[in-house]
file work-v1.txt (compact mmCIF, C-alpha atoms and all ligand atoms)
# COMPACT_ATOMS: atom_id res chain seq x y z
CA MET R 1 30.61 3.54 16.89
CA SER R 2 31.19 3.36 13.18
CA ARG R 3 31.70 5.82 10.33
CA ALA R 4 28.42 7.47 9.34
CA ALA R 5 27.05 10.35 7.29
CA VAL R 6 25.90 13.19 9.57
CA LEU R 7 23.40 15.90 8.64
CA CYS R 8 25.00 19.33 9.19
CA GLY R 9 23.23 21.83 6.89
CA LEU R 10 19.71 22.49 5.62
CA GLY R 11 18.13 24.98 3.24
CA GLY R 12 15.16 25.51 0.95
CA ALA R 13 14.08 27.71 -1.95
CA LEU R 14 10.77 28.47 -3.64
CA PRO R 15 10.09 30.41 -6.84
CA ALA R 16 8.64 33.92 -6.45
CA THR R 17 5.18 33.29 -7.88
CA ALA R 18 2.54 31.88 -5.54
CA VAL R 19 -0.68 30.42 -6.98
CA THR R 20 -3.70 30.31 -4.66
CA ASN R 21 -6.58 27.86 -4.91
CA GLU R 22 -8.82 30.78 -5.86
CA GLU R 23 -6.54 31.61 -8.80
CA LEU R 24 -6.75 27.98 -10.00
CA ALA R 25 -10.54 28.05 -9.58
CA ALA R 26 -10.68 31.11 -11.84
CA GLN R 27 -9.04 29.07 -14.65
CA LEU R 28 -10.30 25.52 -14.08
CA ASP R 29 -13.42 23.68 -12.92
CA THR R 30 -12.34 23.43 -9.27
CA SER R 31 -12.75 25.28 -5.96
CA ASP R 32 -10.76 26.23 -2.89
CA GLN R 33 -13.13 24.06 -0.87
CA TRP R 34 -12.53 20.93 -3.04
CA ILE R 35 -8.76 21.33 -3.06
CA ARG R 36 -8.53 21.97 0.68
CA THR R 37 -10.81 19.15 1.77
CA ARG R 38 -9.52 16.51 -0.71
CA THR R 39 -5.79 17.37 -0.53
CA GLY R 40 -5.11 19.84 2.32
CA ILE R 41 -3.30 22.18 -0.11
CA GLY R 42 -3.90 25.94 0.00
CA LEU R 43 -0.99 27.36 -2.00
CA ARG R 44 1.79 26.29 -4.37
CA TYR R 45 4.63 28.15 -6.13
CA VAL R 46 5.53 28.03 -9.81
CA VAL R 47 8.61 29.05 -11.79
CA ALA R 48 8.59 32.02 -14.17
CA PRO R 49 9.02 31.45 -17.93
CA GLY R 50 12.68 30.56 -18.54
CA GLU R 51 13.32 29.64 -14.91
CA ALA R 52 14.64 26.08 -14.55
CA THR R 53 15.06 23.36 -11.92
CA SER R 54 18.77 24.20 -11.61
CA ASP R 55 17.95 27.79 -10.61
CA LEU R 56 15.99 26.54 -7.61
CA ALA R 57 18.60 23.84 -6.89
CA VAL R 58 21.40 26.43 -6.79
CA ALA R 59 19.39 28.68 -4.43
CA ALA R 60 18.60 25.78 -2.06
CA GLY R 61 22.19 24.48 -2.31
CA GLU R 62 23.63 27.90 -1.39
CA ARG R 63 21.38 28.06 1.65
CA ALA R 64 22.22 24.54 2.83
CA LEU R 65 25.94 25.35 2.50
CA GLU R 66 25.39 28.59 4.46
CA SER R 67 23.53 26.62 7.13
CA ALA R 68 26.47 24.18 7.38
CA ARG R 69 28.91 27.13 7.69
CA ARG R 70 26.91 28.66 10.54
CA THR R 71 27.36 25.59 12.73
CA GLY R 72 30.64 24.18 11.39
CA GLY R 73 32.62 27.16 10.06
CA ASP R 74 33.86 27.80 6.50
CA LYS R 75 35.31 24.31 6.08
CA ALA R 76 31.85 22.80 6.57
CA ALA R 77 30.88 23.99 3.08
CA ASP R 78 33.84 22.25 1.37
CA VAL R 79 31.73 19.52 -0.20
CA ASP R 80 33.33 16.93 -2.47
CA LEU R 81 30.12 15.43 -3.88
CA VAL R 82 26.82 16.76 -5.27
CA VAL R 83 23.80 14.50 -5.71
CA LEU R 84 20.69 16.09 -7.21
CA ALA R 85 17.32 14.34 -7.10
CA THR R 86 15.07 15.55 -9.89
CA SER R 87 12.61 14.26 -12.47
CA THR R 88 12.41 17.61 -14.24
CA PRO R 89 16.04 18.13 -15.32
CA ASP R 90 16.92 21.33 -17.22
CA ARG R 91 17.40 19.18 -20.34
CA PRO R 92 17.31 15.41 -21.09
CA CYS R 93 21.11 15.37 -21.40
CA PRO R 94 23.50 16.11 -19.67
CA GLY R 95 22.53 15.71 -16.02
CA THR R 96 21.60 18.90 -14.15
CA ALA R 97 23.89 18.32 -11.14
CA PRO R 98 27.25 19.21 -12.79
CA GLY R 99 25.92 22.64 -13.81
CA VAL R 100 24.58 23.19 -10.28
CA ALA R 101 27.97 22.27 -8.77
CA HIS R 102 29.68 24.62 -11.22
CA ARG R 103 27.38 27.53 -10.40
CA LEU R 104 27.91 26.91 -6.69
CA GLY R 105 31.67 27.28 -7.26
CA LEU R 106 32.41 23.73 -6.13
CA GLY R 107 35.12 23.09 -8.73
CA THR R 108 35.39 19.64 -10.29
CA VAL R 109 33.58 17.58 -7.65
CA PRO R 110 31.60 14.52 -8.82
CA ALA R 111 28.00 15.53 -9.49
CA PHE R 112 25.11 13.47 -10.81
CA ASP R 113 21.32 13.25 -10.91
CA VAL R 114 19.08 10.66 -9.31
CA ALA R 115 15.60 10.17 -10.83
CA ALA R 116 13.11 8.53 -8.47
CA VAL R 117 10.31 11.14 -8.70
CA CYS R 118 8.88 11.86 -5.22
CA THR R 119 11.24 9.33 -3.58
CA GLY R 120 14.23 10.99 -5.25
CA PHE R 121 15.46 12.82 -2.17
CA VAL R 122 15.55 9.68 0.01
CA TYR R 123 17.33 7.75 -2.76
CA ALA R 124 19.84 10.61 -3.19
CA LEU R 125 20.38 10.79 0.57
CA ALA R 126 21.05 7.04 0.72
CA THR R 127 23.45 7.28 -2.23
CA ALA R 128 25.45 10.18 -0.73
CA ALA R 129 25.44 8.64 2.77
CA SER R 130 26.71 5.33 1.37
CA MET R 131 29.50 7.11 -0.54
CA ILE R 132 30.50 8.86 2.69
CA THR R 133 30.49 5.70 4.80
CA ALA R 134 32.47 3.91 2.04
CA GLY R 135 35.09 6.67 2.18
CA VAL R 136 34.48 7.79 -1.42
CA ALA R 137 33.36 11.25 -0.22
CA GLN R 138 33.83 13.31 2.95
CA ARG R 139 31.10 15.92 2.57
CA ALA R 140 28.11 15.89 0.26
CA LEU R 141 25.50 18.36 -0.88
CA VAL R 142 22.22 16.51 -1.49
CA ILE R 143 19.52 18.48 -3.28
CA GLY R 144 15.92 17.64 -4.18
CA ALA R 145 14.56 20.01 -6.83
CA ASP R 146 11.63 19.85 -9.23
CA THR R 147 9.56 22.13 -11.44
CA PHE R 148 6.52 20.00 -12.17
CA SER R 149 4.58 23.09 -13.30
CA THR R 150 6.64 22.78 -16.52
CA ILE R 151 5.27 19.30 -17.34
CA LEU R 152 1.64 19.56 -16.20
CA ASP R 153 -1.28 19.64 -18.62
CA PRO R 154 -2.59 23.20 -18.12
CA THR R 155 -6.17 21.91 -18.45
CA ASP R 156 -5.79 19.14 -15.81
CA ARG R 157 -7.45 20.35 -12.60
CA THR R 158 -6.23 17.38 -10.57
CA THR R 159 -2.48 17.64 -11.13
CA ARG R 160 -2.46 21.45 -11.23
CA ALA R 161 -4.12 21.53 -7.80
CA ILE R 162 -1.55 19.21 -6.28
CA PHE R 163 1.89 20.04 -7.64
CA GLY R 164 4.17 23.00 -6.90
CA ASP R 165 7.81 23.84 -7.70
CA GLY R 166 10.65 24.08 -5.19
CA ALA R 167 14.03 22.85 -3.98
CA GLY R 168 15.43 21.68 -0.66
CA ALA R 169 18.96 20.66 0.22
CA VAL R 170 21.06 19.16 3.00
CA VAL R 171 24.78 18.90 3.67
CA LEU R 172 26.17 15.61 4.97
CA ARG R 173 29.62 15.16 6.51
CA ALA R 174 31.60 12.12 7.61
CA GLY R 175 31.18 11.45 11.32
CA GLU R 176 30.29 8.76 13.85
CA SER R 177 27.10 6.72 14.15
CA GLY R 178 26.51 7.88 17.74
CA GLU R 179 26.38 11.59 16.86
CA PRO R 180 23.12 13.52 16.54
CA GLY R 181 22.38 13.89 12.83
CA ALA R 182 23.93 10.52 11.90
CA LEU R 183 21.84 8.65 9.34
CA LEU R 184 21.06 5.43 11.19
CA GLY R 185 19.55 3.37 8.41
CA PHE R 186 17.54 3.26 5.21
CA ASP R 187 14.75 1.18 3.74
CA LEU R 188 14.45 1.46 -0.05
CA GLY R 189 12.28 -0.31 -2.61
CA SER R 190 10.65 -0.23 -6.03
CA ASP R 191 7.91 -1.91 -8.06
CA GLY R 192 8.26 -1.29 -11.78
CA GLY R 193 4.95 -3.11 -12.31
CA GLY R 194 3.33 0.22 -11.36
CA ALA R 195 5.38 2.35 -13.76
CA ASP R 196 2.30 3.51 -15.69
CA LEU R 197 0.53 4.91 -12.61
CA ILE R 198 2.83 7.98 -12.49
CA THR R 199 4.38 8.82 -15.83
CA VAL R 200 5.32 11.17 -18.65
CA ARG R 201 4.87 8.94 -21.71
CA ALA R 202 6.69 11.03 -24.32
CA GLY R 203 10.23 12.36 -24.43
CA GLY R 204 12.08 9.07 -23.92
CA SER R 205 13.56 6.43 -26.22
CA ARG R 206 10.36 4.33 -26.32
CA GLN R 207 8.43 6.92 -28.32
CA ARG R 208 11.38 8.58 -30.08
CA SER R 209 12.63 5.30 -31.57
CA THR R 210 9.37 4.93 -33.53
CA GLY R 211 10.33 7.95 -35.62
CA GLU R 212 6.76 9.23 -35.24
CA PRO R 213 5.96 12.58 -33.61
CA PRO R 214 4.87 12.25 -29.96
CA VAL R 215 1.21 11.45 -29.35
CA GLU R 216 -0.56 14.71 -28.45
CA GLY R 217 -0.88 15.02 -24.65
CA ASP R 218 1.83 12.44 -23.91
CA GLN R 219 4.33 15.23 -23.15
CA PHE R 220 2.37 15.95 -19.97
CA PHE R 221 2.65 14.32 -16.55
CA ALA R 222 -0.11 11.75 -15.98
CA MET R 223 -1.15 10.11 -12.73
CA GLU R 224 -3.88 7.68 -11.65
CA GLY R 225 -4.84 9.35 -8.37
CA ARG R 226 -6.77 6.57 -6.63
CA PRO R 227 -4.26 3.67 -6.93
CA VAL R 228 -1.39 6.08 -6.29
CA PHE R 229 -3.11 7.15 -3.07
CA THR R 230 -3.46 3.53 -1.91
CA GLU R 231 0.09 2.56 -2.88
CA ALA R 232 1.49 5.67 -1.18
CA VAL R 233 -0.20 4.81 2.12
CA ILE R 234 0.81 1.13 2.01
CA ASN R 235 4.42 1.68 0.99
CA MET R 236 5.26 4.66 3.21
CA SER R 237 3.70 2.86 6.23
CA GLU R 238 5.38 -0.48 5.57
CA SER R 239 8.75 1.06 4.69
CA SER R 240 8.69 3.20 7.85
CA GLN R 241 7.75 0.19 9.99
CA ARG R 242 10.55 -1.97 8.52
CA LEU R 243 13.03 0.80 9.26
CA LEU R 244 11.71 1.33 12.80
CA ASP R 245 12.15 -2.39 13.45
CA ARG R 246 15.70 -2.25 12.09
CA VAL R 247 16.66 0.83 14.13
CA GLY R 248 14.91 -0.52 17.23
CA TRP R 249 12.46 2.34 17.76
CA THR R 250 8.76 1.90 18.47
CA PRO R 251 6.33 4.25 16.70
CA ALA R 252 5.46 5.74 20.12
CA ALA R 253 9.14 6.61 20.70
CA LEU R 254 9.25 8.51 17.43
CA ASP R 255 9.04 12.31 17.68
CA LYS R 256 8.41 13.19 14.03
CA VAL R 257 7.61 11.48 10.75
CA VAL R 258 8.50 13.69 7.80
CA ALA R 259 6.66 12.02 4.94
CA HIS R 260 6.49 13.04 1.30
CA GLN R 261 3.88 15.82 1.19
CA ALA R 262 1.42 14.53 -1.42
CA ASN R 263 -1.97 14.81 0.23
CA VAL R 264 -2.85 15.48 3.88
CA ARG R 265 -5.23 12.51 3.78
CA ILE R 266 -2.28 10.28 2.80
CA LEU R 267 -0.24 11.68 5.72
CA HIS R 268 -3.05 10.99 8.19
CA ALA R 269 -3.58 7.47 6.79
CA VAL R 270 0.14 6.69 7.16
CA GLY R 271 -0.04 8.01 10.73
CA GLU R 272 -3.02 5.76 11.41
CA GLN R 273 -1.27 2.68 9.97
CA LEU R 274 1.74 3.32 12.20
CA GLY R 275 -0.39 4.16 15.25
CA LEU R 276 0.94 7.72 15.47
CA GLU R 277 -0.68 10.82 16.94
CA GLU R 278 -1.26 13.85 14.72
CA LYS R 279 1.45 15.87 16.52
CA GLN R 280 4.07 13.31 15.34
CA ILE R 281 3.37 14.05 11.66
CA VAL R 282 5.00 17.06 9.99
CA VAL R 283 2.71 18.89 7.54
CA ASN R 284 3.69 21.81 5.29
CA LEU R 285 1.86 20.91 2.06
CA ASP R 286 -0.84 23.47 2.89
CA ARG R 287 1.75 26.14 1.94
CA VAL R 288 3.73 24.50 -0.89
CA GLY R 289 1.74 21.58 -2.36
CA ASN R 290 3.52 18.47 -3.61
CA THR R 291 7.00 19.63 -4.62
CA VAL R 292 8.13 16.12 -5.67
CA ALA R 293 11.87 15.60 -4.88
CA ALA R 294 11.93 18.87 -2.91
CA SER R 295 9.06 17.82 -0.68
CA ILE R 296 10.91 16.14 2.20
CA PRO R 297 13.82 18.63 2.50
CA LEU R 298 11.37 21.57 2.27
CA ALA R 299 9.23 20.00 5.02
CA LEU R 300 12.39 19.52 7.12
CA THR R 301 13.40 23.15 6.54
CA ASP R 302 10.00 24.51 7.54
CA ALA R 303 9.67 22.22 10.57
CA ALA R 304 13.18 23.05 11.83
CA ALA R 305 12.71 26.80 11.24
CA GLU R 306 9.42 26.74 13.16
CA GLY R 307 10.78 24.76 16.14
CA ASP R 308 8.63 21.76 15.29
CA LEU R 309 11.81 19.68 14.83
CA LEU R 310 14.15 19.98 17.79
CA PRO R 311 17.65 18.66 18.54
CA GLY R 312 17.36 15.14 19.95
CA HIS R 313 14.08 14.34 18.20
CA ARG R 314 13.88 10.85 16.74
CA VAL R 315 12.91 11.38 13.11
CA VAL R 316 11.88 9.12 10.23
CA LEU R 317 11.76 10.47 6.68
CA THR R 318 9.60 8.51 4.27
CA GLY R 319 8.84 9.00 0.59
CA PHE R 320 6.82 7.41 -2.17
CA GLY R 321 6.63 8.22 -5.86
CA GLY R 322 6.78 7.26 -9.49
CA GLY R 323 8.58 4.09 -10.48
CA LEU R 324 6.93 3.00 -8.28
CA THR R 325 9.56 3.79 -5.68
CA TRP R 326 9.64 4.26 -1.93
CA GLY R 327 12.23 4.85 0.76
CA SER R 328 12.73 5.82 4.39
CA ALA R 329 15.63 7.12 6.50
CA ALA R 330 16.08 7.47 10.28
CA LEU R 331 18.11 9.96 12.31
CA VAL R 332 18.25 11.80 15.61
CA TRP R 333 17.77 15.48 14.78
CA PRO R 334 20.99 17.54 15.16
CA ASP R 335 21.42 21.12 16.40
CA ILE R 336 21.41 22.96 13.06
CA ALA R 337 19.92 26.23 11.85
CA PRO R 338 18.15 25.96 8.49
CA VAL R 339 18.47 28.83 6.02
CA THR R 340 15.34 29.83 4.12
CA ALA R 341 14.64 32.76 1.79
N1 LIG W 1 -11.27 19.99 -8.33
C1 LIG W 1 -12.50 19.45 -8.40
N2 LIG W 1 -12.71 18.17 -8.68
C2 LIG W 1 -11.65 17.39 -8.91
C3 LIG W 1 -10.34 17.88 -8.85
C4 LIG W 1 -10.16 19.25 -8.55
N3 LIG W 1 -8.96 19.82 -8.46
N4 LIG W 1 -9.48 16.86 -9.10
C5 LIG W 1 -10.22 15.77 -9.32
N5 LIG W 1 -11.53 16.09 -9.20
C6 LIG W 1 -12.70 15.24 -9.40
C7 LIG W 1 -12.44 14.07 -10.31
O1 LIG W 1 -12.49 14.49 -11.66
C8 LIG W 1 -13.58 13.16 -9.94
O2 LIG W 1 -14.72 13.58 -10.62
P1 LIG W 1 -15.77 12.50 -11.21
O3 LIG W 1 -16.25 11.73 -10.02
O4 LIG W 1 -16.79 13.37 -11.85
O5 LIG W 1 -14.97 11.67 -12.16
C9 LIG W 1 -13.77 13.42 -8.44
O6 LIG W 1 -13.08 14.65 -8.17
C10 LIG W 1 -13.22 12.33 -7.57
O7 LIG W 1 -11.93 11.97 -8.09
P2 LIG W 1 -10.97 11.03 -7.29
O8 LIG W 1 -9.73 10.80 -8.09
O9 LIG W 1 -11.73 9.84 -6.81
O10 LIG W 1 -10.68 12.01 -6.06
P3 LIG W 1 -9.84 11.71 -4.80
O11 LIG W 1 -10.60 12.07 -3.62
O12 LIG W 1 -9.16 10.39 -4.86
O13 LIG W 1 -8.67 12.81 -4.93
C11 LIG W 1 -6.40 13.02 -5.65
C12 LIG W 1 -7.86 12.87 -6.07
C13 LIG W 1 -6.26 14.29 -4.86
C14 LIG W 1 -5.55 13.06 -6.90
C15 LIG W 1 -6.01 11.81 -4.78
O14 LIG W 1 -6.39 10.62 -5.42
C16 LIG W 1 -4.56 11.77 -4.48
O15 LIG W 1 -4.05 12.57 -3.72
N6 LIG W 1 -3.85 10.79 -5.04
C17 LIG W 1 -2.44 10.62 -4.78
C18 LIG W 1 -1.61 11.60 -5.55
C19 LIG W 1 -0.15 11.47 -5.09
O16 LIG W 1 0.12 11.06 -4.00
N7 LIG W 1 0.77 11.80 -5.91
C20 LIG W 1 2.14 11.70 -5.42
C21 LIG W 1 2.88 10.78 -6.10
S1 LIG W 1 3.13 11.46 -7.65
C22 LIG W 1 4.79 11.48 -7.92
O17 LIG W 1 5.54 10.63 -7.53
C23 LIG W 1 5.24 12.60 -8.78
call {"tool": "encode", "arguments": {"input": "work-v1.txt", "output": "structure tokens"}}
result
Amino acid sequence: MSRAAVLCGLGGALPATAVTNEELAAQLDTSDQWIRTRTGIGLRYVVAPGEATSDLAVAAGERALESARRTGGDKAADVDLVVLATSTPDRPCPGTAPGVAHRLGLGTVPAFDVAAVCTGFVYALATAASMITAGVAQRALVIGADTFSTILDPTDRTTRAIFGDGAGAVVLRAGESGEPGALLGFDLGSDGGGADLITVRAGGSRQRSTGEPPVEGDQFFAMEGRPVFTEAVINMSESSQRLLDRVGWTPAALDKVVAHQANVRILHAVGEQLGLEEKQIVVNLDRVGNTVAASIPLALTDAAAEGDLLPGHRVVLTGFGGGLTWGSAALVWPDIAPVTA
């Protein structure tokens, strides 16, 4: 047994406004049938004007802390670290996490953002878990929150069909590696050679330093769907397999894979690569779309709330996103009650 970070709280939050495929089809050249068959998505949520990533992050954070309290008592919510994964911060500077910690009444705890797009939550989880095992922190709130609706080109039928806003959060505490909920290992990677496949070109130092106004359209999120699809399948499958080998689990012994919810065809292809059955793959993108850094914790929240994830289940989380980045984490599911809206 060794010191480990143990999952002890889980919560999620969505904005109030749901957008159906039919509503998108009324504005853009698309259809419910195309979106469902090509992506598996039926619904996504978007923030209201003036609503920011931090608003969703605070709501999800509150719920994860409440979830931790329900199993561990009041002390379980005494976190001494906040890590927020987001690629849609409230503003370019400062980070969004300190404001979230402040609004959650967490005092002067260290708080910072991690930007790894759709892999952000796994990177943030690895960062917080490492700080706990190193003794730098005792309890951490790890949040994944994004509002991609604020950076999409309103005329782009592809990205508007896929992305939705949301936030998901977990609480980690210091514990032992043999406990249910202990994070047993991570596999993380990146390939900056693919940076242009998933990008927002404007808004950073590269364009600002020219002194010229941003090129029209470059303020929007841009993605090359086909190569991203292929890279997502390869990297989530290979990362999961490397982690399974390290942890000593076979794919057949795995109960659930909770992969980044980008496209149901990607999820099925990852399952095929790993030799998994459909029942081993958690799917909630039909209801929320691709919520970027919120995707994995929201999928965990839904699966746990619906009894699809049960105490004792062997679980692998795996994500892929802009950067390119990818990452996976393994744990045995603990006995926790998620808090949703
Ligand atoms: N409605 C109707 N037609 C559409 C739509 C839509 N919403 N979106 C694209 N199409 C069209 C295209 O314009 C294209 O038309 P054309 O043949 O006339 O040019 C046609 O459908 C086929 O386009 P493809 O890109 O080949 O379609 P594909 O089946 O690959 O699906 C998709 C596109 C859904 C984007 C897919 O490639 C995908 O899921 N890619 C991965 C996206 C992803 O995983 N992103 C997550 C990482 S992003 C991050 O980290 C933030």
call {"tool": "residues_around", "arguments": {"input": "work-v1.txt", "residues": "Pro338 of chain R", "least_positions_apart": "5", "cutoff": "7 Å", "atoms": "all atoms listed in the file", "output": "list of chain:residue names"}}
result
R:Gly9, R:Leu10, R:Gly11, R:Ser67, R:Thr301, R:Ala304, R:Ala305
call {"tool": "write_last_selection", "arguments": {"input": "work-v1.txt", "atoms": "C-alpha atoms", "output": "compact mmCIF listing (two decimals), keeping the file's coordinate frame"}}
result
# COMPACT_ATOMS: atom_id res chain seq x y z
CA GLY R 9 23.23 21.83 6.89
CA LEU R 10 19.71 22.49 5.62
CA GLY R 11 18.13 24.98 3.24
CA SER R 67 23.53 26.62 7.13
CA THR R 301 13.40 23.15 6.54
CA ALA R 304 13.18 23.05 11.83
CA ALA R 305 12.71 26.80 11.24
call {"tool": "closest_atom_pairs", "arguments": {"input": "work-v1.txt", "of": "chain R", "to": "ligand LIG 1 (chain W)", "cutoff": "7 Å", "atoms": "all atoms listed in the file", "output": "CSV"}}
result
residue,atom,partner,partner_atom,distance
R:Asp29,CA,W:LIG1,C1,6.3
R:Thr30,CA,W:LIG1,N1,3.7
R:Ser31,CA,W:LIG1,N1,6.0
R:Trp34,CA,W:LIG1,N1,5.5
R:Ile35,CA,W:LIG1,N3,5.6
R:Arg38,CA,W:LIG1,O11,5.4
R:Thr39,CA,W:LIG1,C13,5.3
R:Val117,CA,W:LIG1,O17,4.9
R:Cys118,CA,W:LIG1,O17,4.2
R:Arg157,CA,W:LIG1,N3,4.4
R:Thr158,CA,W:LIG1,N4,3.6
R:Thr159,CA,W:LIG1,C14,6.9
R:Ala161,CA,W:LIG1,N3,5.2
R:Ile162,CA,W:LIG1,C13,7.0
R:Ile198,CA,W:LIG1,S1,6.0
R:Met223,CA,W:LIG1,S1,6.8
R:Gly225,CA,W:LIG1,O14,3.6
R:Arg226,CA,W:LIG1,O14,4.2
R:Val228,CA,W:LIG1,C17,4.9
R:Phe229,CA,W:LIG1,C17,3.9
R:Ala232,CA,W:LIG1,O16,6.2
R:Ala262,CA,W:LIG1,O16,4.5
R:Asn263,CA,W:LIG1,O15,5.0
R:Val292,CA,W:LIG1,C23,5.5
R:Phe320,CA,W:LIG1,O17,6.4
R:Gly321,CA,W:LIG1,O17,3.1
R:Gly322,CA,W:LIG1,O17,4.1
call {"tool": "atom_distance", "arguments": {"input": "work-v1.txt", "atom1": "atom CA of Val258 of chain R", "atom2": "atom CA of Ile336 of chain R"}}
result
16.7 Å
call {"tool": "atom_distance", "arguments": {"input": "work-v1.txt", "atom1": "atom CA of Pro334 of chain R", "atom2": "atom CA of Asp113 of chain R"}}
result
26.4 Å
call {"tool": "closest_residue", "arguments": {"input": "work-v1.txt", "among": "R:Thr291, R:Ala16, R:Ala85, R:Ser209", "to": "Val170 of chain R", "atoms": "all atoms listed in the file"}}
result
R:Ala85
call {"tool": "atom_distance", "arguments": {"input": "work-v1.txt", "atom1": "atom CA of Gly181 of chain R", "atom2": "atom CA of Pro311 of chain R"}}
result
8.8 Å
call {"tool": "residues_around", "arguments": {"input": "work-v1.txt", "residues": "Leu310 of chain R", "least_positions_apart": "2", "cutoff": "8 Å", "atoms": "only C-alpha atoms", "output": "list in words"}}
result
Ala304, Gly307, Asp308, Gly312, His313, Trp333, Pro334 and Asp335 of chain R
call {"tool": "closest_residue", "arguments": {"input": "work-v1.txt", "among": "R:Asp55, R:Asp218, R:Asp32, R:Asp156", "to": "Ala13 of chain R", "atoms": "all atoms listed in the file"}}
result
R:Asp55
call {"tool": "closest_residue", "arguments": {"input": "work-v1.txt", "among": "R:Gly12, R:Gly164, R:Pro180, R:Gly271", "to": "Ala64 of chain R", "atoms": "all atoms listed in the file"}}
result
R:Gly12
call {"tool": "closest_residue", "arguments": {"input": "work-v1.txt", "among": "R:Gly275, R:Ser54, R:Ser328, R:Ile41", "to": "Leu24 of chain R", "atoms": "all atoms listed in the file"}}
result
R:Ile41
call {"tool": "residues_around", "arguments": {"input": "work-v1.txt", "residues": "segment 147-153 of chain R", "least_positions_apart": "6", "cutoff": "6 Å", "atoms": "all atoms listed in the file", "output": "list in words"}}
result
Thr53, Asp165, Phe220 and Phe221 of chain R
call {"tool": "residues_around", "arguments": {"input": "work-v1.txt", "residues": "Leu254 of chain R", "least_positions_apart": "2", "cutoff": "9 Å", "atoms": "only C-alpha atoms", "output": "number ranges by chain"}}
result
R: 244, 249-252, 256-257, 276, 280, 313-316
call {"tool": "write_last_selection", "arguments": {"input": "work-v1.txt", "atoms": "C-alpha atoms", "output": "short mmCIF file (atom, residue, chain, number, x, y, z; two decimals), keeping the file's coordinate frame"}}
result
data_model
loop_
_atom_site.label_atom_id
_atom_site.label_comp_id
_atom_site.auth_asym_id
_atom_site.auth_seq_id
_atom_site.Cartn_x
_atom_site.Cartn_y
_atom_site.Cartn_z
CA LEU R 244 11.71 1.33 12.80
CA TRP R 249 12.46 2.34 17.76
CA THR R 250 8.76 1.90 18.47
CA PRO R 251 6.33 4.25 16.70
CA ALA R 252 5.46 5.74 20.12
CA LYS R 256 8.41 13.19 14.03
CA VAL R 257 7.61 11.48 10.75
CA LEU R 276 0.94 7.72 15.47
CA GLN R 280 4.07 13.31 15.34
CA HIS R 313 14.08 14.34 18.20
CA ARG R 314 13.88 10.85 16.74
CA VAL R 315 12.91 11.38 13.11
CA VAL R 316 11.88 9.12 10.23
#
call {"tool": "closest_residue", "arguments": {"input": "work-v1.txt", "among": "R:Ala167, R:Val136, R:Val282, R:Ala115", "to": "Ala60 of chain R", "atoms": "all atoms listed in the file"}}
result
R:Ala167
call {"tool": "closest_residue", "arguments": {"input": "work-v1.txt", "among": "R:Ser130, R:Gln261, R:Asn284, R:Ser239", "to": "Val6 of chain R", "atoms": "all atoms listed in the file"}}
result
R:Ser130
call {"tool": "residues_around", "arguments": {"input": "work-v1.txt", "residues": "Arg91 of chain R", "least_positions_apart": "3", "cutoff": "10 Å", "atoms": "only C-alpha atoms", "output": "ChimeraX atom specification"}}
result
/R:52-53,88,94-96
